[in-house]
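One structure below.
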Amino acid sequence: MYSPQRKDFVSLTLGDQHSRSYTNGKHRRQSCWRKWKQLSRLQRSLILFLLAFLFICGILSYPSLTEQWRGLSDRALKEDWVEMDNRGLRPIPPGLVPKILPGVVPGVQDIPPEVMPEIQRPSIPLLPKPPAMRKPPSKRGPPVLQKRGNVSDWQVKDGEEAMLKRDEDGGKEAKTVISWRGAMIEAEQGTELQSTAHGKEGTVADAEEAANLKPVTVKAVDRVEAVQEAFRHAWKGYKAFAWGHDELKPISKTHGEWFGLGLTLIDALDTMWILGLKDEFAEARKWVETELSFSKNVDVNLFESTIRILGGLLSTYHLTGDTLFLDKAKDIGFRLMPAFKTPSKIPYSDVNIGKGTAHPPRWTTDSTVAEVTSIQLEFRELSRLTQDPQYQNAVEEVTRQVHRLEGKRDGLVPMFINTNSGKFTRRGALTLGARADSYYEYLLKQWLQGSKKETELLEDYLQAIEGVKKNLLRQTSPGKLTFVGELSNGRLNPKMDHLVCFLPGTLALGAHNGLPADHMDLAVQLMETCHQMYAQMETGLSPEIAHFNLQSNNGRDIDVKPADRHNLLRPETVESLFYMYRFTKDSKYRDWGWDILQSFNKYTRVPSGGYTSISNVRDPENPAPRDKMESFFLGETLKYLFLLFSDDNELISLDKYVFNTEAHPLPIWPSTS
Ligand code: DMJ
């Protein structure tokens, strides 16, 4: 029998008379302690166990709590947007786009030579010296500005807008965690959304209203000028609030810094030249001459600074013949070289361009496959211009290793490669999207850059496209849209990043250069899908990631998860539209590009200057601006739109130039090399 004092059960008595009679805290504490001491050991253990259990439950339920908190902050963002609306920052109706009228680097000696990678003797013969540097071969002046035409097709778009049935979006707000090349990759994906396909369903009243509209023929010249106007508007914001900084934050009217190197300005240099914006170009050039210095204690990402800065400077040098840009290109190129000083010679992701040190990300010794294999066009060109083989050797060593590596599947590469072992890391999916995309692009483009002589590059490219067809290509059931899915643990995930929309253009470029005609067929199909990723959204803007429907029991082809509804002003679709139009002259590609430009103007344009990425392409009432204009909007998106609408086929001829993955044109080497 148990003694009366010893109770093997817990008795909780709430609000008894005794406890009510306590008036002072000290007594209450003493009494609690006495009561605790009176409990049996088993009772105390049980209470402690209960408390521990509750604590663990609390920890486990933390994510859902944070989700609610995030919901609250998203609502706050929504309210901000409403407030902005009240201040006149509503999306601009088509046709009401305001018209804005135009208006040395310390040497590299401060990197100690011992930290530089050894100069490799060229295993590949060096390319012949390019034509004299003071007189570059391809110098051409900016194209003459066209006279402004009418804007009647904006009015047509107004009518089309009336046809849209705008559904309420009941999904959760986006959850994002990892920044990837400007994209935010989702931490987890939530419930699917119910929405109406853009341009596919309309109410009867909407259709009647639209029937009153008369089609208006629009001349190409109007569209070219609309791109110039959009660039000037973006530039106005950059100039006013972010001059010399990396990125414009157009809503808070300030700037964001990534490397602290004037990223937007450098990325936009050749765009200004191509668009014929002489005054803007002259101002930017002045900044490069007087302010730009790479002698800075700053960590930069090797890939991003290569494609944006080195690529931008090299292409501007080629277009203008101005050696200022070549000098700057040499400086940054040399400062990036410590990245290759790794056990495997597969470069690290980050370099300190002031100290001459490099390192992988803090959490891994892996590098991203797309990053280490998409710097070759730029470094090879730098070697050609400088007649210094070290750049070409370093990047071609990477190409050679990746070419030989085991672990590919029908030419498709994993996402990560280890900088110690030089082997692929077995994690992640097989994808043509983030972390692998430009590996495929640069196989073809290096082959073109080198005048189609490096057959291993071509073989790898052709094998990879066959690998795509065999492993990743699917069609939706309802609408027969062709897409490139992702292969994860042997299972196909029917999702495609917007990043994959570079592929139609690359396939078309290959077909134009004699690769199999069925590459062009595939390009046409994928181009249609990328177009639908815009057309089926309520804002007319694509989400970052689309999910495709393989079931025949549901009428919708494309779904968007809540975490994927953002649009970062990315270029890939308009890039491919440019290639498709150049090679087919089918005007529908121009029309699709025009729709996209108008949607950017309607939902992402900030009246005080600049364009902003948005969080929700499914909500035209509240697209939820993110307050950031990525440098690639000026470097790529507007450049490709301009080239799409321009009738001048010789303006960056695709038989003379190859675009790097940041839309910076580099010359195709003469075949006599
Ligand atoms: C750009 O920096 C480049 O196009 C890169 O290849 C992919 N990401 C962005 C644009 O989306």
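Ordering of the structure tokens sets the chain letters (A, B, ...), residue numbers begin anew at 1 in every chain, and ligands are numbered from 1 in the order given.
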
From a DSSP calculation on the backbone, collect every residue of range 413-624 of chain A in strand (DSSP E or B) and output the set as a PDB file with N, CA, C and O atoms, in the first residue's frame.
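Now in part-v8.pdb:
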ATOM      1  N   PHE A 416      25.813  19.801 -59.106  1.00  0.00           N
ATOM      2  CA  PHE A 416      26.959  20.223 -58.291  1.00  0.00           C
ATOM      3  C   PHE A 416      28.218  19.439 -58.628  1.00  0.00           C
ATOM      4  O   PHE A 416      28.151  18.276 -59.026  1.00  0.00           O
ATOM      5  N   ILE A 417      29.341  20.089 -58.422  1.00  0.00           N
ATOM      6  CA  ILE A 417      30.630  19.456 -58.667  1.00  0.00           C
ATOM      7  C   ILE A 417      31.549  19.848 -57.512  1.00  0.00           C
ATOM      8  O   ILE A 417      31.511  21.003 -57.055  1.00  0.00           O
ATOM      9  N   ASN A 418      32.350  18.896 -57.046  1.00  0.00           N
ATOM     10  CA  ASN A 418      33.159  19.168 -55.864  1.00  0.00           C
ATOM     11  C   ASN A 418      34.516  19.755 -56.240  1.00  0.00           C
ATOM     12  O   ASN A 418      35.215  19.224 -57.111  1.00  0.00           O
ATOM     13  N   PHE A 424      31.299  14.993 -59.819  1.00  0.00           N
ATOM     14  CA  PHE A 424      29.935  15.444 -59.575  1.00  0.00           C
ATOM     15  C   PHE A 424      29.496  15.008 -58.193  1.00  0.00           C
ATOM     16  O   PHE A 424      29.860  13.926 -57.721  1.00  0.00           O
ATOM     17  N   THR A 425      28.704  15.842 -57.559  1.00  0.00           N
ATOM     18  CA  THR A 425      28.116  15.472 -56.279  1.00  0.00           C
ATOM     19  C   THR A 425      26.719  14.950 -56.565  1.00  0.00           C
ATOM     20  O   THR A 425      25.976  15.562 -57.322  1.00  0.00           O
ATOM     21  N   LEU A 430      18.150  16.271 -62.156  1.00  0.00           N
ATOM     22  CA  LEU A 430      18.611  16.553 -63.517  1.00  0.00           C
ATOM     23  C   LEU A 430      17.627  17.552 -64.106  1.00  0.00           C
ATOM     24  O   LEU A 430      16.430  17.287 -64.189  1.00  0.00           O
ATOM     25  N   LEU A 473      11.531  15.306 -71.529  1.00  0.00           N
ATOM     26  CA  LEU A 473      10.505  15.943 -72.349  1.00  0.00           C
ATOM     27  C   LEU A 473       9.140  15.273 -72.141  1.00  0.00           C
ATOM     28  O   LEU A 473       9.033  14.056 -72.212  1.00  0.00           O
ATOM     29  N   ARG A 474       8.135  16.087 -71.901  1.00  0.00           N
ATOM     30  CA  ARG A 474       6.770  15.573 -71.751  1.00  0.00           C
ATOM     31  C   ARG A 474       5.801  16.574 -72.383  1.00  0.00           C
ATOM     32  O   ARG A 474       6.159  17.718 -72.656  1.00  0.00           O
ATOM     33  N   GLN A 475       4.536  16.122 -72.519  1.00  0.00           N
ATOM     34  CA  GLN A 475       3.477  17.020 -72.979  1.00  0.00           C
ATOM     35  C   GLN A 475       2.360  17.029 -71.950  1.00  0.00           C
ATOM     36  O   GLN A 475       2.049  15.988 -71.365  1.00  0.00           O
ATOM     37  N   THR A 482       4.382  21.158 -74.789  1.00  0.00           N
ATOM     38  CA  THR A 482       5.631  20.432 -74.560  1.00  0.00           C
ATOM     39  C   THR A 482       6.451  21.167 -73.506  1.00  0.00           C
ATOM     40  O   THR A 482       6.592  22.385 -73.572  1.00  0.00           O
ATOM     41  N   PHE A 483       6.963  20.435 -72.553  1.00  0.00           N
ATOM     42  CA  PHE A 483       7.810  21.073 -71.542  1.00  0.00           C
ATOM     43  C   PHE A 483       8.977  20.161 -71.179  1.00  0.00           C
ATOM     44  O   PHE A 483       8.970  18.969 -71.500  1.00  0.00           O
ATOM     45  N   VAL A 484       9.972  20.755 -70.505  1.00  0.00           N
ATOM     46  CA  VAL A 484      11.145  20.005 -70.046  1.00  0.00           C
ATOM     47  C   VAL A 484      11.031  19.870 -68.534  1.00  0.00           C
ATOM     48  O   VAL A 484      11.185  20.853 -67.808  1.00  0.00           O
ATOM     49  N   GLU A 486      11.879  17.817 -64.686  1.00  0.00           N
ATOM     50  CA  GLU A 486      13.107  17.542 -63.918  1.00  0.00           C
ATOM     51  C   GLU A 486      13.078  16.098 -63.439  1.00  0.00           C
ATOM     52  O   GLU A 486      12.032  15.607 -63.044  1.00  0.00           O
ATOM     53  N   LEU A 487      14.232  15.471 -63.462  1.00  0.00           N
ATOM     54  CA  LEU A 487      14.313  14.077 -63.048  1.00  0.00           C
ATOM     55  C   LEU A 487      14.967  14.007 -61.675  1.00  0.00           C
ATOM     56  O   LEU A 487      16.117  14.396 -61.502  1.00  0.00           O
ATOM     57  N   SER A 488      14.187  13.503 -60.724  1.00  0.00           N
ATOM     58  CA  SER A 488      14.657  13.471 -59.352  1.00  0.00           C
ATOM     59  C   SER A 488      14.446  12.072 -58.794  1.00  0.00           C
ATOM     60  O   SER A 488      13.302  11.607 -58.755  1.00  0.00           O
ATOM     61  N   ARG A 491      12.324   9.811 -60.782  1.00  0.00           N
ATOM     62  CA  ARG A 491      10.933  10.218 -61.063  1.00  0.00           C
ATOM     63  C   ARG A 491      10.903  11.566 -61.749  1.00  0.00           C
ATOM     64  O   ARG A 491      11.644  12.480 -61.396  1.00  0.00           O
ATOM     65  N   LEU A 492      10.003  11.703 -62.731  1.00  0.00           N
ATOM     66  CA  LEU A 492       9.907  12.991 -63.419  1.00  0.00           C
ATOM     67  C   LEU A 492       8.995  13.935 -62.644  1.00  0.00           C
ATOM     68  O   LEU A 492       7.853  13.606 -62.331  1.00  0.00           O
ATOM     69  N   ASN A 493       9.537  15.081 -62.334  1.00  0.00           N
ATOM     70  CA  ASN A 493       8.752  16.128 -61.692  1.00  0.00           C
ATOM     71  C   ASN A 493       8.308  17.083 -62.801  1.00  0.00           C
ATOM     72  O   ASN A 493       9.158  17.705 -63.451  1.00  0.00           O
ATOM     73  N   LYS A 495       7.759  20.006 -63.601  1.00  0.00           N
ATOM     74  CA  LYS A 495       7.916  21.441 -63.364  1.00  0.00           C
ATOM     75  C   LYS A 495       9.026  21.992 -64.237  1.00  0.00           C
ATOM     76  O   LYS A 495       9.990  21.275 -64.557  1.00  0.00           O
ATOM     77  N   MET A 496       8.889  23.244 -64.610  1.00  0.00           N
ATOM     78  CA  MET A 496       9.918  23.867 -65.453  1.00  0.00           C
ATOM     79  C   MET A 496      10.164  25.296 -64.966  1.00  0.00           C
ATOM     80  O   MET A 496       9.228  26.083 -64.839  1.00  0.00           O
ATOM     81  N   ASP A 497      11.426  25.612 -64.719  1.00  0.00           N
ATOM     82  CA  ASP A 497      11.790  26.986 -64.353  1.00  0.00           C
ATOM     83  C   ASP A 497      11.623  27.897 -65.567  1.00  0.00           C
ATOM     84  O   ASP A 497      11.859  27.468 -66.699  1.00  0.00           O
ATOM     85  N   ILE A 545       8.455  29.570 -61.722  1.00  0.00           N
ATOM     86  CA  ILE A 545       8.403  28.127 -62.000  1.00  0.00           C
ATOM     87  C   ILE A 545       6.964  27.751 -62.357  1.00  0.00           C
ATOM     88  O   ILE A 545       6.024  28.220 -61.714  1.00  0.00           O
ATOM     89  N   ALA A 546       6.812  26.929 -63.380  1.00  0.00           N
ATOM     90  CA  ALA A 546       5.473  26.463 -63.757  1.00  0.00           C
ATOM     91  C   ALA A 546       5.391  24.959 -63.522  1.00  0.00           C
ATOM     92  O   ALA A 546       6.370  24.233 -63.728  1.00  0.00           O
ATOM     93  N   HIS A 547       4.232  24.509 -63.097  1.00  0.00           N
ATOM     94  CA  HIS A 547       3.964  23.067 -62.966  1.00  0.00           C
ATOM     95  C   HIS A 547       2.991  22.666 -64.054  1.00  0.00           C
ATOM     96  O   HIS A 547       2.013  23.366 -64.317  1.00  0.00           O
ATOM     97  N   PHE A 548       3.248  21.525 -64.665  1.00  0.00           N
ATOM     98  CA  PHE A 548       2.463  21.129 -65.834  1.00  0.00           C
ATOM     99  C   PHE A 548       1.592  19.919 -65.516  1.00  0.00           C
ATOM    100  O   PHE A 548       1.986  19.038 -64.738  1.00  0.00           O
ATOM    101  N   ILE A 558      -1.280  24.616 -66.984  1.00  0.00           N
ATOM    102  CA  ILE A 558      -0.200  25.159 -66.148  1.00  0.00           C
ATOM    103  C   ILE A 558      -0.751  25.543 -64.783  1.00  0.00           C
ATOM    104  O   ILE A 558      -1.768  26.226 -64.683  1.00  0.00           O
ATOM    105  N   ASP A 559      -0.075  25.090 -63.756  1.00  0.00           N
ATOM    106  CA  ASP A 559      -0.392  25.520 -62.401  1.00  0.00           C
ATOM    107  C   ASP A 559       0.831  26.198 -61.804  1.00  0.00           C
ATOM    108  O   ASP A 559       1.957  25.910 -62.217  1.00  0.00           O
ATOM    109  N   ASN A 567       7.899  37.093 -60.361  1.00  0.00           N
ATOM    110  CA  ASN A 567       8.528  37.385 -61.658  1.00  0.00           C
ATOM    111  C   ASN A 567       9.634  38.397 -61.401  1.00  0.00           C
ATOM    112  O   ASN A 567       9.404  39.454 -60.819  1.00  0.00           O
ATOM    113  N   ARG A 605       6.159  48.623 -63.675  1.00  0.00           N
ATOM    114  CA  ARG A 605       6.773  49.939 -63.872  1.00  0.00           C
ATOM    115  C   ARG A 605       6.449  50.844 -62.693  1.00  0.00           C
ATOM    116  O   ARG A 605       5.304  50.962 -62.269  1.00  0.00           O
ATOM    117  N   TYR A 611      11.767  49.718 -62.881  1.00  0.00           N
ATOM    118  CA  TYR A 611      10.812  48.613 -62.904  1.00  0.00           C
ATOM    119  C   TYR A 611      11.133  47.735 -61.701  1.00  0.00           C
ATOM    120  O   TYR A 611      12.280  47.690 -61.259  1.00  0.00           O
ATOM    121  N   ILE A 614       8.126  41.416 -59.058  1.00  0.00           N
ATOM    122  CA  ILE A 614       6.873  41.309 -58.300  1.00  0.00           C
ATOM    123  C   ILE A 614       6.748  39.911 -57.703  1.00  0.00           C
ATOM    124  O   ILE A 614       7.369  38.966 -58.175  1.00  0.00           O
TER     125      ILE A 614
END

Report task. Output the neighbourhood of ligand 1 as a ChimeraX atom specification, that is, all protein and nucleic acid residues with some atom at most 8 Å from the ligand, counting only C-alpha atoms and all ligand atoms. Result -> /A:181-183,304,307-308,434,437-438,499,568-572,632,636,661-663

**Report entry** Residues within 6 Å of Phe325 in chain A, only C-alpha atoms, excluding chain neighbours under 3 positions, as a PyMOL selection string
**Finding:** chain A and resi 313+317+328

Report task. Pick out the residues sitting within 7 Å of Gly354 in chain A, and hand them over as a PyMOL selection string; count only C-alpha atoms, and ignore anything fewer than 2 positions along from it in its own chain. Result -> chain A and resi 111+295-298+352+356

Output as a short mmCIF file (atom, residue, chain, number, x, y, z; two decimals) with N, CA, C and O atoms, in the first residue's frame all residues of range 277-389 of chain A that backbone DSSP marks as helix (DSSP H, G or I).
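Okay, this is what ended up in states.cif:
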data_model
loop_
_atom_site.label_atom_id
_atom_site.label_comp_id
_atom_site.auth_asym_id
_atom_site.auth_seq_id
_atom_site.Cartn_x
_atom_site.Cartn_y
_atom_site.Cartn_z
N LYS A 278 22.80 57.55 -76.87
CA LYS A 278 24.16 58.10 -76.81
C LYS A 278 24.44 58.88 -75.54
O LYS A 278 25.51 58.75 -74.95
N ASP A 279 23.47 59.72 -75.14
CA ASP A 279 23.73 60.56 -73.96
C ASP A 279 23.90 59.70 -72.71
O ASP A 279 24.80 59.91 -71.90
N GLU A 280 22.99 58.75 -72.58
CA GLU A 280 23.06 57.87 -71.41
C GLU A 280 24.38 57.08 -71.43
O GLU A 280 25.03 56.90 -70.40
N PHE A 281 24.76 56.62 -72.62
CA PHE A 281 26.00 55.85 -72.73
C PHE A 281 27.19 56.72 -72.33
O PHE A 281 28.08 56.27 -71.58
N ALA A 282 27.20 57.96 -72.80
CA ALA A 282 28.34 58.85 -72.50
C ALA A 282 28.49 59.07 -71.00
O ALA A 282 29.60 59.04 -70.45
N GLU A 283 27.38 59.26 -70.34
CA GLU A 283 27.42 59.46 -68.88
C GLU A 283 27.95 58.22 -68.16
O GLU A 283 28.74 58.31 -67.22
N ALA A 284 27.46 57.08 -68.63
CA ALA A 284 27.89 55.82 -68.00
C ALA A 284 29.38 55.58 -68.26
O ALA A 284 30.12 55.13 -67.38
N ARG A 285 29.81 55.89 -69.45
CA ARG A 285 31.22 55.72 -69.78
C ARG A 285 32.10 56.55 -68.84
O ARG A 285 33.15 56.12 -68.36
N LYS A 286 31.64 57.77 -68.60
CA LYS A 286 32.38 58.68 -67.71
C LYS A 286 32.53 58.04 -66.32
O LYS A 286 33.60 58.12 -65.70
N TRP A 287 31.46 57.43 -65.87
CA TRP A 287 31.51 56.80 -64.55
C TRP A 287 32.53 55.65 -64.55
O TRP A 287 33.32 55.50 -63.62
N VAL A 288 32.51 54.87 -65.62
CA VAL A 288 33.47 53.76 -65.71
C VAL A 288 34.89 54.32 -65.69
O VAL A 288 35.78 53.80 -65.01
N GLU A 289 35.09 55.40 -66.40
CA GLU A 289 36.43 55.97 -66.49
C GLU A 289 36.90 56.57 -65.17
O GLU A 289 38.05 56.38 -64.77
N THR A 290 36.00 57.24 -64.47
CA THR A 290 36.44 58.00 -63.30
C THR A 290 36.14 57.34 -61.96
O THR A 290 36.79 57.63 -60.97
N LEU A 302 32.14 34.33 -58.81
CA LEU A 302 32.93 34.20 -60.05
C LEU A 302 32.03 34.23 -61.28
O LEU A 302 32.27 34.97 -62.24
N PHE A 303 30.98 33.43 -61.26
CA PHE A 303 30.10 33.31 -62.43
C PHE A 303 29.39 34.63 -62.71
O PHE A 303 29.41 35.14 -63.84
N GLU A 304 28.76 35.19 -61.68
CA GLU A 304 27.97 36.40 -61.90
C GLU A 304 28.85 37.56 -62.36
O GLU A 304 28.45 38.34 -63.23
N SER A 305 30.04 37.68 -61.77
CA SER A 305 30.86 38.81 -62.18
C SER A 305 31.49 38.55 -63.55
O SER A 305 31.75 39.50 -64.30
N THR A 306 31.67 37.28 -63.90
CA THR A 306 32.19 37.00 -65.24
C THR A 306 31.15 37.33 -66.31
O THR A 306 31.44 38.03 -67.28
N ILE A 307 29.92 36.81 -66.11
CA ILE A 307 28.93 37.01 -67.19
C ILE A 307 28.45 38.46 -67.27
O ILE A 307 28.20 38.97 -68.35
N ARG A 308 28.36 39.13 -66.11
CA ARG A 308 27.81 40.49 -66.13
C ARG A 308 28.89 41.54 -66.36
O ARG A 308 28.74 42.43 -67.18
N ILE A 309 30.00 41.42 -65.59
CA ILE A 309 30.99 42.50 -65.64
C ILE A 309 32.01 42.24 -66.75
O ILE A 309 32.17 43.05 -67.67
N LEU A 310 32.69 41.09 -66.68
CA LEU A 310 33.68 40.80 -67.72
C LEU A 310 32.99 40.74 -69.09
O LEU A 310 33.46 41.36 -70.06
N GLY A 311 31.87 40.03 -69.15
CA GLY A 311 31.14 39.93 -70.42
C GLY A 311 30.67 41.28 -70.91
O GLY A 311 30.79 41.62 -72.10
N GLY A 312 30.15 42.10 -70.00
CA GLY A 312 29.64 43.42 -70.39
C GLY A 312 30.74 44.33 -70.89
O GLY A 312 30.57 45.06 -71.88
N LEU A 313 31.90 44.27 -70.23
CA LEU A 313 33.02 45.14 -70.64
C LEU A 313 33.59 44.69 -71.98
O LEU A 313 33.90 45.51 -72.86
N LEU A 314 33.73 43.37 -72.14
CA LEU A 314 34.28 42.86 -73.41
C LEU A 314 33.37 43.21 -74.59
O LEU A 314 33.83 43.65 -75.64
N SER A 315 32.09 43.04 -74.39
CA SER A 315 31.19 43.31 -75.53
C SER A 315 31.15 44.80 -75.81
O SER A 315 31.11 45.22 -76.98
N THR A 316 31.19 45.62 -74.79
CA THR A 316 31.16 47.07 -75.03
C THR A 316 32.44 47.50 -75.75
O THR A 316 32.41 48.35 -76.64
N TYR A 317 33.55 46.86 -75.39
CA TYR A 317 34.79 47.14 -76.11
C TYR A 317 34.63 46.78 -77.60
O TYR A 317 34.98 47.56 -78.48
N HIS A 318 34.08 45.63 -77.87
CA HIS A 318 33.92 45.22 -79.27
C HIS A 318 32.99 46.14 -80.04
O HIS A 318 33.23 46.44 -81.21
N LEU A 319 31.92 46.57 -79.39
CA LEU A 319 30.95 47.42 -80.11
C LEU A 319 31.50 48.82 -80.34
O LEU A 319 31.23 49.44 -81.37
N THR A 320 32.25 49.33 -79.36
CA THR A 320 32.65 50.74 -79.43
C THR A 320 34.08 50.93 -79.91
O THR A 320 34.44 52.01 -80.39
N THR A 323 39.14 51.43 -75.84
CA THR A 323 40.03 50.56 -75.05
C THR A 323 39.85 50.73 -73.54
O THR A 323 40.35 49.90 -72.77
N LEU A 324 39.15 51.76 -73.14
CA LEU A 324 38.83 51.88 -71.71
C LEU A 324 38.17 50.58 -71.22
O LEU A 324 38.50 50.06 -70.15
N PHE A 325 37.25 50.06 -72.03
CA PHE A 325 36.50 48.89 -71.61
C PHE A 325 37.37 47.63 -71.63
O PHE A 325 37.20 46.74 -70.81
N LEU A 326 38.28 47.57 -72.56
CA LEU A 326 39.20 46.43 -72.59
C LEU A 326 40.12 46.45 -71.38
O LEU A 326 40.38 45.41 -70.75
N ASP A 327 40.60 47.63 -71.03
CA ASP A 327 41.48 47.72 -69.86
C ASP A 327 40.76 47.27 -68.60
O ASP A 327 41.30 46.56 -67.75
N LYS A 328 39.53 47.69 -68.50
CA LYS A 328 38.74 47.30 -67.31
C LYS A 328 38.47 45.79 -67.34
O LYS A 328 38.48 45.13 -66.30
N ALA A 329 38.23 45.26 -68.52
CA ALA A 329 37.98 43.82 -68.65
C ALA A 329 39.21 43.03 -68.23
O ALA A 329 39.12 42.03 -67.51
N LYS A 330 40.39 43.49 -68.66
CA LYS A 330 41.64 42.81 -68.28
C LYS A 330 41.80 42.84 -66.76
O LYS A 330 42.21 41.85 -66.15
N ASP A 331 41.48 43.98 -66.17
CA ASP A 331 41.66 44.13 -64.73
C ASP A 331 40.76 43.15 -63.96
O ASP A 331 41.23 42.38 -63.12
N ILE A 332 39.48 43.13 -64.30
CA ILE A 332 38.59 42.24 -63.55
C ILE A 332 38.91 40.77 -63.87
O ILE A 332 38.89 39.92 -62.99
N GLY A 333 39.24 40.49 -65.11
CA GLY A 333 39.55 39.10 -65.49
C GLY A 333 40.71 38.57 -64.67
O GLY A 333 40.67 37.46 -64.13
N PHE A 334 41.77 39.38 -64.56
CA PHE A 334 42.95 38.96 -63.81
C PHE A 334 42.61 38.75 -62.33
O PHE A 334 43.08 37.80 -61.69
N ARG A 335 41.79 39.63 -61.80
CA ARG A 335 41.43 39.55 -60.38
C ARG A 335 40.55 38.34 -60.06
O ARG A 335 40.45 37.94 -58.90
N LEU A 336 39.90 37.80 -61.06
CA LEU A 336 39.03 36.64 -60.82
C LEU A 336 39.81 35.32 -60.84
O LEU A 336 39.31 34.29 -60.40
N MET A 337 41.03 35.35 -61.34
CA MET A 337 41.78 34.11 -61.55
C MET A 337 42.06 33.28 -60.29
O MET A 337 42.16 32.04 -60.37
N PRO A 338 42.20 33.88 -59.11
CA PRO A 338 42.44 33.03 -57.93
C PRO A 338 41.36 31.99 -57.70
O PRO A 338 41.58 30.99 -57.03
N ALA A 339 40.19 32.18 -58.26
CA ALA A 339 39.11 31.20 -58.09
C ALA A 339 39.51 29.82 -58.59
O ALA A 339 39.01 28.80 -58.12
N PHE A 340 40.45 29.78 -59.56
CA PHE A 340 40.81 28.49 -60.16
C PHE A 340 41.89 27.75 -59.37
O PHE A 340 42.27 26.65 -59.73
N VAL A 369 27.41 23.40 -61.19
CA VAL A 369 27.90 23.00 -62.51
C VAL A 369 27.69 24.11 -63.54
O VAL A 369 28.60 24.44 -64.32
N ALA A 370 26.51 24.72 -63.55
CA ALA A 370 26.27 25.79 -64.54
C ALA A 370 27.27 26.93 -64.34
O ALA A 370 27.72 27.55 -65.31
N GLU A 371 27.63 27.20 -63.09
CA GLU A 371 28.52 28.34 -62.85
C GLU A 371 29.93 28.08 -63.38
O GLU A 371 30.54 28.97 -63.97
N VAL A 372 30.45 26.86 -63.15
CA VAL A 372 31.84 26.62 -63.57
C VAL A 372 31.95 26.36 -65.07
O VAL A 372 33.04 26.41 -65.63
N GLN A 376 33.24 30.32 -69.86
CA GLN A 376 34.25 30.01 -70.88
C GLN A 376 34.26 31.01 -72.02
O GLN A 376 35.34 31.41 -72.49
N LEU A 377 33.10 31.43 -72.50
CA LEU A 377 33.09 32.37 -73.63
C LEU A 377 33.90 33.61 -73.29
O LEU A 377 34.66 34.13 -74.11
N GLU A 378 33.72 34.09 -72.08
CA GLU A 378 34.33 35.35 -71.66
C GLU A 378 35.84 35.21 -71.47
O GLU A 378 36.62 36.02 -71.97
N PHE A 379 36.27 34.17 -70.74
CA PHE A 379 37.71 34.02 -70.48
C PHE A 379 38.48 33.64 -71.75
O PHE A 379 39.63 34.04 -71.92
N ARG A 380 37.84 32.87 -72.62
CA ARG A 380 38.51 32.53 -73.89
C ARG A 380 38.72 33.81 -74.71
O ARG A 380 39.77 34.01 -75.32
N GLU A 381 37.70 34.65 -74.73
CA GLU A 381 37.82 35.89 -75.49
C GLU A 381 38.88 36.80 -74.87
O GLU A 381 39.64 37.48 -75.58
N LEU A 382 38.97 36.79 -73.54
CA LEU A 382 39.98 37.62 -72.88
C LEU A 382 41.39 37.16 -73.28
O LEU A 382 42.28 37.98 -73.52
N SER A 383 41.58 35.86 -73.37
CA SER A 383 42.89 35.36 -73.81
C SER A 383 43.17 35.79 -75.25
O SER A 383 44.29 36.15 -75.60
N ARG A 384 42.16 35.72 -76.08
CA ARG A 384 42.36 36.09 -77.48
C ARG A 384 42.77 37.57 -77.58
O ARG A 384 43.68 37.93 -78.33
N LEU A 385 42.11 38.40 -76.78
CA LEU A 385 42.39 39.83 -76.87
C LEU A 385 43.73 40.19 -76.25
O LEU A 385 44.41 41.11 -76.71
N THR A 386 44.09 39.49 -75.17
CA THR A 386 45.33 39.86 -74.47
C THR A 386 46.53 39.04 -74.94
O THR A 386 47.66 39.35 -74.58
#
